[in-house]
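Have a look at run.json below; it lists JSON, C-alpha atoms.
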```
[["chain", "number", "residue", "atom", "x", "y", "z"],
["A", 1, "MET", "CA", 0.00, 0.00, 0.00],
["A", 2, "ALA", "CA", 2.90, 2.37, 0.71],
["A", 3, "LEU", "CA", 4.13, 1.84, -2.84],
["A", 4, "LEU", "CA", 0.77, 2.85, -4.30],
["A", 5, "ARG", "CA", 0.60, 5.92, -2.03],
["A", 6, "ALA", "CA", 4.14, 6.94, -2.97],
["A", 7, "ALA", "CA", 3.40, 6.54, -6.69],
["A", 8, "ALA", "CA", 0.14, 8.48, -6.44],
["A", 9, "LEU", "CA", 1.80, 11.26, -4.47],
["A", 10, "TYR", "CA", 4.73, 11.41, -6.89],
["A", 11, "PHE", "CA", 2.33, 11.61, -9.82],
["A", 12, "GLY", "CA", 0.00, 14.11, -8.15],
["A", 13, "LEU", "CA", 2.63, 16.57, -6.99],
["A", 14, "THR", "CA", 4.55, 16.43, -10.26],
["A", 15, "PHE", "CA", 1.36, 16.78, -12.28],
["A", 16, "GLY", "CA", 0.44, 19.76, -10.10],
["A", 17, "ALA", "CA", 3.76, 21.42, -10.91],
["A", 18, "GLY", "CA", 3.17, 20.82, -14.62],
["A", 19, "PHE", "CA", -0.41, 22.07, -14.28],
["A", 20, "MET", "CA", 0.92, 25.35, -12.87],
["A", 21, "LEU", "CA", 3.61, 25.73, -15.54],
["A", 22, "GLY", "CA", 1.39, 24.64, -18.45],
["A", 23, "PRO", "CA", -0.57, 27.88, -18.80],
["A", 24, "ILE", "CA", 2.65, 29.91, -18.73],
["A", 25, "ARG", "CA", 4.03, 27.75, -21.54],
["A", 26, "THR", "CA", 0.89, 27.74, -23.67],
["A", 27, "LEU", "CA", -0.34, 31.30, -23.10],
["A", 28, "LEU", "CA", 2.90, 33.26, -22.79],
["A", 29, "LEU", "CA", 5.73, 31.31, -24.38],
["A", 30, "GLU", "CA", 4.18, 29.37, -27.26],
["A", 31, "PRO", "CA", 2.70, 32.39, -29.08],
["A", 32, "ASN", "CA", 6.12, 34.06, -29.10],
["A", 33, "LEU", "CA", 8.55, 31.15, -29.36],
["A", 34, "GLY", "CA", 6.53, 28.28, -30.81],
["A", 35, "PRO", "CA", 5.66, 25.02, -29.08],
["A", 36, "PHE", "CA", 9.11, 23.40, -29.24],
["A", 37, "PHE", "CA", 11.07, 26.26, -27.69],
["A", 38, "ALA", "CA", 8.33, 26.89, -25.14],
["A", 39, "THR", "CA", 8.54, 23.23, -24.09],
["A", 40, "LEU", "CA", 12.33, 23.42, -24.11],
["A", 41, "LEU", "CA", 12.21, 26.36, -21.68],
["A", 42, "GLU", "CA", 9.71, 24.59, -19.43],
["A", 43, "ALA", "CA", 11.70, 21.33, -19.32],
["A", 44, "PRO", "CA", 14.43, 22.39, -16.85],
["A", 45, "LEU", "CA", 11.82, 23.67, -14.41],
["A", 46, "MET", "CA", 9.94, 20.38, -14.63],
["A", 47, "LEU", "CA", 13.18, 18.42, -14.17],
["A", 48, "VAL", "CA", 13.96, 20.35, -11.00],
["A", 49, "ALA", "CA", 10.40, 19.97, -9.71],
["A", 50, "MET", "CA", 10.16, 16.23, -10.39],
["A", 51, "THR", "CA", 13.59, 15.59, -8.90],
["A", 52, "ALA", "CA", 12.80, 17.53, -5.71],
["A", 53, "ILE", "CA", 9.44, 15.78, -5.41],
["A", 54, "ALA", "CA", 10.95, 12.33, -6.01],
["A", 55, "ILE", "CA", 13.69, 12.92, -3.43],
["A", 56, "TRP", "CA", 11.16, 14.09, -0.86],
["A", 57, "ILE", "CA", 8.86, 11.11, -1.43],
["A", 58, "LEU", "CA", 11.72, 8.61, -1.37],
["A", 59, "ARG", "CA", 12.76, 9.99, 2.00],
["A", 60, "GLN", "CA", 9.20, 9.60, 3.33],
["A", 61, "TYR", "CA", 8.65, 6.01, 2.22],
["A", 62, "ASP", "CA", 10.70, 2.86, 2.69],
["A", 63, "LEU", "CA", 11.40, 2.30, -1.00],
["A", 64, "HIS", "CA", 15.11, 1.60, -1.09],
["A", 65, "THR", "CA", 15.26, -1.32, -3.52],
["A", 66, "ALA", "CA", 15.48, -1.06, -7.28],
["A", 67, "PRO", "CA", 12.25, -3.06, -7.87],
["A", 68, "ALA", "CA", 10.28, -0.87, -5.44],
["A", 69, "ARG", "CA", 11.55, 2.32, -7.04],
["A", 70, "LEU", "CA", 10.90, 1.02, -10.56],
["A", 71, "ALA", "CA", 7.38, 0.07, -9.49],
["A", 72, "MET", "CA", 6.80, 3.52, -7.96],
["A", 73, "GLY", "CA", 7.98, 5.28, -11.10],
["A", 74, "GLY", "CA", 6.18, 2.85, -13.39],
["A", 75, "LEU", "CA", 2.86, 3.29, -11.59],
["A", 76, "ALA", "CA", 3.27, 7.07, -11.58],
["A", 77, "PHE", "CA", 4.04, 6.93, -15.31],
["A", 78, "VAL", "CA", 0.85, 4.92, -15.95],
["A", 79, "PHE", "CA", -1.17, 7.44, -13.91],
["A", 80, "LEU", "CA", 0.38, 10.26, -15.94],
["A", 81, "MET", "CA", -0.37, 8.63, -19.29],
["A", 82, "ILE", "CA", -4.00, 8.01, -18.29],
["A", 83, "ILE", "CA", -4.47, 11.63, -17.23],
["A", 84, "GLU", "CA", -2.61, 12.95, -20.30],
["A", 85, "MET", "CA", -4.86, 10.96, -22.66],
["A", 86, "LEU", "CA", -7.98, 11.91, -20.73],
["A", 87, "GLY", "CA", -6.95, 15.57, -20.85],
["A", 88, "ALA", "CA", -6.26, 15.35, -24.59],
["A", 89, "LEU", "CA", -9.71, 13.87, -25.11],
["A", 90, "LEU", "CA", -11.60, 16.33, -22.92],
["A", 91, "MET", "CA", -9.69, 19.50, -23.82],
["A", 92, "TYR", "CA", -8.83, 18.92, -27.47],
["A", 93, "GLY", "CA", -11.12, 16.10, -28.60],
["A", 94, "GLN", "CA", -8.10, 13.88, -29.34],
["A", 95, "GLY", "CA", -8.49, 10.11, -29.12],
["A", 96, "PRO", "CA", -5.56, 7.89, -28.14],
["A", 97, "GLY", "CA", -4.30, 7.69, -31.74],
["A", 98, "GLU", "CA", -4.35, 11.44, -32.21],
["A", 99, "TYR", "CA", -2.66, 11.92, -28.87],
["A", 100, "ALA", "CA", 0.07, 9.45, -29.87],
["A", 101, "THR", "CA", 0.51, 11.33, -33.16],
["A", 102, "SER", "CA", 0.95, 14.59, -31.22],
["A", 103, "LEU", "CA", 3.90, 12.96, -29.44],
["A", 104, "ALA", "CA", 5.63, 12.49, -32.81],
["A", 105, "THR", "CA", 6.23, 16.25, -33.15],
["A", 106, "PRO", "CA", 9.52, 17.76, -31.90],
["A", 107, "GLU", "CA", 7.82, 19.18, -28.79],
["A", 108, "GLY", "CA", 5.93, 15.90, -28.33],
["A", 109, "ILE", "CA", 9.16, 13.91, -28.41],
["A", 110, "LEU", "CA", 10.63, 16.24, -25.79],
["A", 111, "ARG", "CA", 7.52, 15.92, -23.61],
["A", 112, "PHE", "CA", 7.51, 12.13, -23.91],
["A", 113, "ALA", "CA", 11.23, 11.99, -23.04],
["A", 114, "LEU", "CA", 10.39, 13.95, -19.88],
["A", 115, "PHE", "CA", 7.55, 11.51, -19.14],
["A", 116, "VAL", "CA", 9.91, 8.53, -19.45],
["A", 117, "PHE", "CA", 12.51, 10.28, -17.29],
["A", 118, "PHE", "CA", 9.74, 10.94, -14.74],
["A", 119, "GLY", "CA", 8.98, 7.22, -14.64],
["A", 120, "LEU", "CA", 12.62, 6.20, -14.27],
["A", 121, "LEU", "CA", 13.70, 8.94, -11.87],
["A", 122, "PRO", "CA", 12.96, 7.15, -8.57],
["A", 123, "TRP", "CA", 15.14, 4.26, -9.74],
["A", 124, "LEU", "CA", 17.85, 6.58, -11.11],
["A", 125, "LEU", "CA", 18.02, 8.30, -7.72],
["A", 126, "LEU", "CA", 19.02, 4.97, -6.19],
["A", 127, "HIS", "CA", 22.46, 5.74, -7.59],
["A", 128, "VAL", "CA", 22.68, 9.18, -5.96],
["A", 129, "LYS", "CA", 24.37, 8.89, -2.59],
["A", 130, "ALA", "CA", 22.41, 11.73, -0.95],
["A", 131, "VAL", "CA", 19.10, 9.97, -1.74],
["A", 132, "ARG", "CA", 20.02, 6.39, -0.86],
["A", 133, "GLN", "CA", 18.42, 4.94, 2.21],
["A", 134, "PRO", "CA", 20.20, 2.50, 4.52]]
```
This entry written out as structure tokens:
Amino acid sequence: MALLRAAALYFGLTFGAGFMLGPIRTLLLEPNLGPFFATLLEAPLMLVAMTAIAIWILRQYDLHTAPARLAMGGLAFVFLMIIEMLGALLMYGQGPGEYATSLATPEGILRFALFVFFGLLPWLLLHVKAVRQP
């Protein structure tokens, strides 16, 4: 149960950070820079946010093995993909195929790379001494 809570919290907090940055990207940056460069500017902020959130959650929960951390990140990734596809459907009328096609654009590839990194990050942090648990 702790694993599920950790994954849900990791997803929820990271999604919340993206939800706050999204309007800045789409309303302020995209009209001036285009979608790729807007996403490129948002990416470092999301990397910092997801890393800080992952570190905090890993310190709160007893998830110090590689399988546990991969499961946490994998579950959070699944939650993210479900919400992303649901959002694409409700906000833009895109079905799963259209959403997948949107990920084939330069900005889509960058976003999906961030999504994959998000899923792997808890496991990757296993190799960072400051985040390892005894």
**Message:** With distances taken over all atoms listed in the file, which residue among A:Met85, A:Ala68, A:Ala104, A:Ala17 lies nearest A:Thr51?
**Reply:**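 Closest residue, counting all atoms listed in the file: A:Ala17.
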**Request:** For stretch 1-16 of chain A, work out the shell of residues within 7 Å, counting all atoms listed in the file and skipping chain neighbours fewer than 6 positions away, then give it as a VMD selection string.
**Result:** chain A and resid 49 to 50 53 to 54 57 61 72 to 73 75 to 76 79 to 80
**Asked** Can you tell me, as number ranges by chain, what residues are no more than 12 Å from stretch 93-103 of chain A when counting only C-alpha atoms, ignoring any on the same chain fewer than 2 positions away?
**Response** A: 35-36, 81-91, 105-115
Expected file: the selected residues, C-alpha atoms, as a PDB file, keeping the file's coordinate frame:
```
ATOM      1  CA  PRO A  35       5.660  25.020 -29.080  1.00  0.00           C
ATOM      2  CA  PHE A  36       9.110  23.400 -29.240  1.00  0.00           C
ATOM      3  CA  MET A  81      -0.370   8.630 -19.290  1.00  0.00           C
ATOM      4  CA  ILE A  82      -4.000   8.010 -18.290  1.00  0.00           C
ATOM      5  CA  ILE A  83      -4.470  11.630 -17.230  1.00  0.00           C
ATOM      6  CA  GLU A  84      -2.610  12.950 -20.300  1.00  0.00           C
ATOM      7  CA  MET A  85      -4.860  10.960 -22.660  1.00  0.00           C
ATOM      8  CA  LEU A  86      -7.980  11.910 -20.730  1.00  0.00           C
ATOM      9  CA  GLY A  87      -6.950  15.570 -20.850  1.00  0.00           C
ATOM     10  CA  ALA A  88      -6.260  15.350 -24.590  1.00  0.00           C
ATOM     11  CA  LEU A  89      -9.710  13.870 -25.110  1.00  0.00           C
ATOM     12  CA  LEU A  90     -11.600  16.330 -22.920  1.00  0.00           C
ATOM     13  CA  MET A  91      -9.690  19.500 -23.820  1.00  0.00           C
ATOM     14  CA  THR A 105       6.230  16.250 -33.150  1.00  0.00           C
ATOM     15  CA  PRO A 106       9.520  17.760 -31.900  1.00  0.00           C
ATOM     16  CA  GLU A 107       7.820  19.180 -28.790  1.00  0.00           C
ATOM     17  CA  GLY A 108       5.930  15.900 -28.330  1.00  0.00           C
ATOM     18  CA  ILE A 109       9.160  13.910 -28.410  1.00  0.00           C
ATOM     19  CA  LEU A 110      10.630  16.240 -25.790  1.00  0.00           C
ATOM     20  CA  ARG A 111       7.520  15.920 -23.610  1.00  0.00           C
ATOM     21  CA  PHE A 112       7.510  12.130 -23.910  1.00  0.00           C
ATOM     22  CA  ALA A 113      11.230  11.990 -23.040  1.00  0.00           C
ATOM     23  CA  LEU A 114      10.390  13.950 -19.880  1.00  0.00           C
ATOM     24  CA  PHE A 115       7.550  11.510 -19.140  1.00  0.00           C
TER      25      PHE A 115
END
```
**Message:** Taking 4 positions as the minimum chain separation for residues in the same chain, which residues sit within 12 Å of A:Ile24 when counting all atoms listed in the file? Answer as a list in words.
**Reply:**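 Within the cut-off, the hits are Ala17, Gly18, Phe19, Met20, Leu28, Leu29, Glu30, Pro31, Asn32, Pro35, Ala38, Thr39, Leu41, Glu42 and Leu45 of chain A.
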**One-decimal distance in Å that lies between atom CA of A:His64 and atom CA of A:Leu47** =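 For atom CA of A:Leu47 relative to atom CA of A:His64, the distance reads 21.4 Å.
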What are the centre and the three edge lengths of an axis-aligned box that wraps all atoms of stretch 31-44 of chain A in the file, given that 8 Å is added to every side, written as lines of an AutoDock Vina configuration file and rounded to one decimal in Å?
```
center_x = 8.6
center_y = 27.7
center_z = -23.8
size_x = 27.7
size_y = 28.7
size_z = 30.0
```
**Asked** To one decimal place, how far is atom CA of A:Gly22 from atom CA of A:Leu40 in Å?
**Response**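 So the answer is 12.4 Å.
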**Item:** Atomic distance atom CA of A:Trp123 - atom CA of A:Leu70, expressed in Å with one decimal
**Value:**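 One can read the atom CA of A:Trp123 to atom CA of A:Leu70 distance as 5.4 Å.
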Could you rebuild stretch 9-26 of chain A with N, CA and C atoms and give it back as a short mmCIF file (atom, residue, chain, number, x, y, z; two decimals), in the coordinates of the input?
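Final file, out-v1.cif:
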```
data_model
loop_
_atom_site.label_atom_id
_atom_site.label_comp_id
_atom_site.auth_asym_id
_atom_site.auth_seq_id
_atom_site.Cartn_x
_atom_site.Cartn_y
_atom_site.Cartn_z
N LEU A 9 1.31 9.96 -4.93
CA LEU A 9 1.80 11.26 -4.47
C LEU A 9 2.83 11.83 -5.44
N TYR A 10 3.73 10.99 -5.91
CA TYR A 10 4.73 11.41 -6.89
C TYR A 10 4.05 11.94 -8.15
N PHE A 11 3.09 11.17 -8.64
CA PHE A 11 2.33 11.61 -9.82
C PHE A 11 1.60 12.92 -9.52
N GLY A 12 0.84 12.96 -8.44
CA GLY A 12 0.00 14.11 -8.15
C GLY A 12 0.77 15.40 -7.97
N LEU A 13 1.84 15.35 -7.21
CA LEU A 13 2.63 16.57 -6.99
C LEU A 13 3.34 17.03 -8.26
N THR A 14 3.88 16.07 -9.01
CA THR A 14 4.55 16.43 -10.26
C THR A 14 3.55 16.95 -11.29
N PHE A 15 2.40 16.30 -11.37
CA PHE A 15 1.36 16.78 -12.28
C PHE A 15 0.91 18.18 -11.88
N GLY A 16 0.81 18.42 -10.59
CA GLY A 16 0.44 19.76 -10.10
C GLY A 16 1.45 20.81 -10.53
N ALA A 17 2.72 20.47 -10.46
CA ALA A 17 3.76 21.42 -10.91
C ALA A 17 3.60 21.71 -12.40
N GLY A 18 3.38 20.65 -13.18
CA GLY A 18 3.17 20.82 -14.62
C GLY A 18 1.89 21.59 -14.92
N PHE A 19 0.87 21.37 -14.11
CA PHE A 19 -0.41 22.07 -14.28
C PHE A 19 -0.23 23.57 -14.05
N MET A 20 0.65 23.93 -13.13
CA MET A 20 0.92 25.35 -12.87
C MET A 20 1.78 25.96 -13.97
N LEU A 21 2.73 25.20 -14.50
CA LEU A 21 3.61 25.73 -15.54
C LEU A 21 2.97 25.70 -16.93
N GLY A 22 2.03 24.80 -17.14
CA GLY A 22 1.39 24.64 -18.45
C GLY A 22 0.80 25.92 -19.03
N PRO A 23 0.00 26.65 -18.26
CA PRO A 23 -0.57 27.88 -18.80
C PRO A 23 0.50 28.93 -19.16
N ILE A 24 1.57 28.97 -18.41
CA ILE A 24 2.65 29.91 -18.73
C ILE A 24 3.25 29.54 -20.08
N ARG A 25 3.47 28.22 -20.26
CA ARG A 25 4.03 27.75 -21.54
C ARG A 25 3.08 28.04 -22.69
N THR A 26 1.82 27.64 -22.54
CA THR A 26 0.89 27.74 -23.67
C THR A 26 0.40 29.16 -23.94
#
```
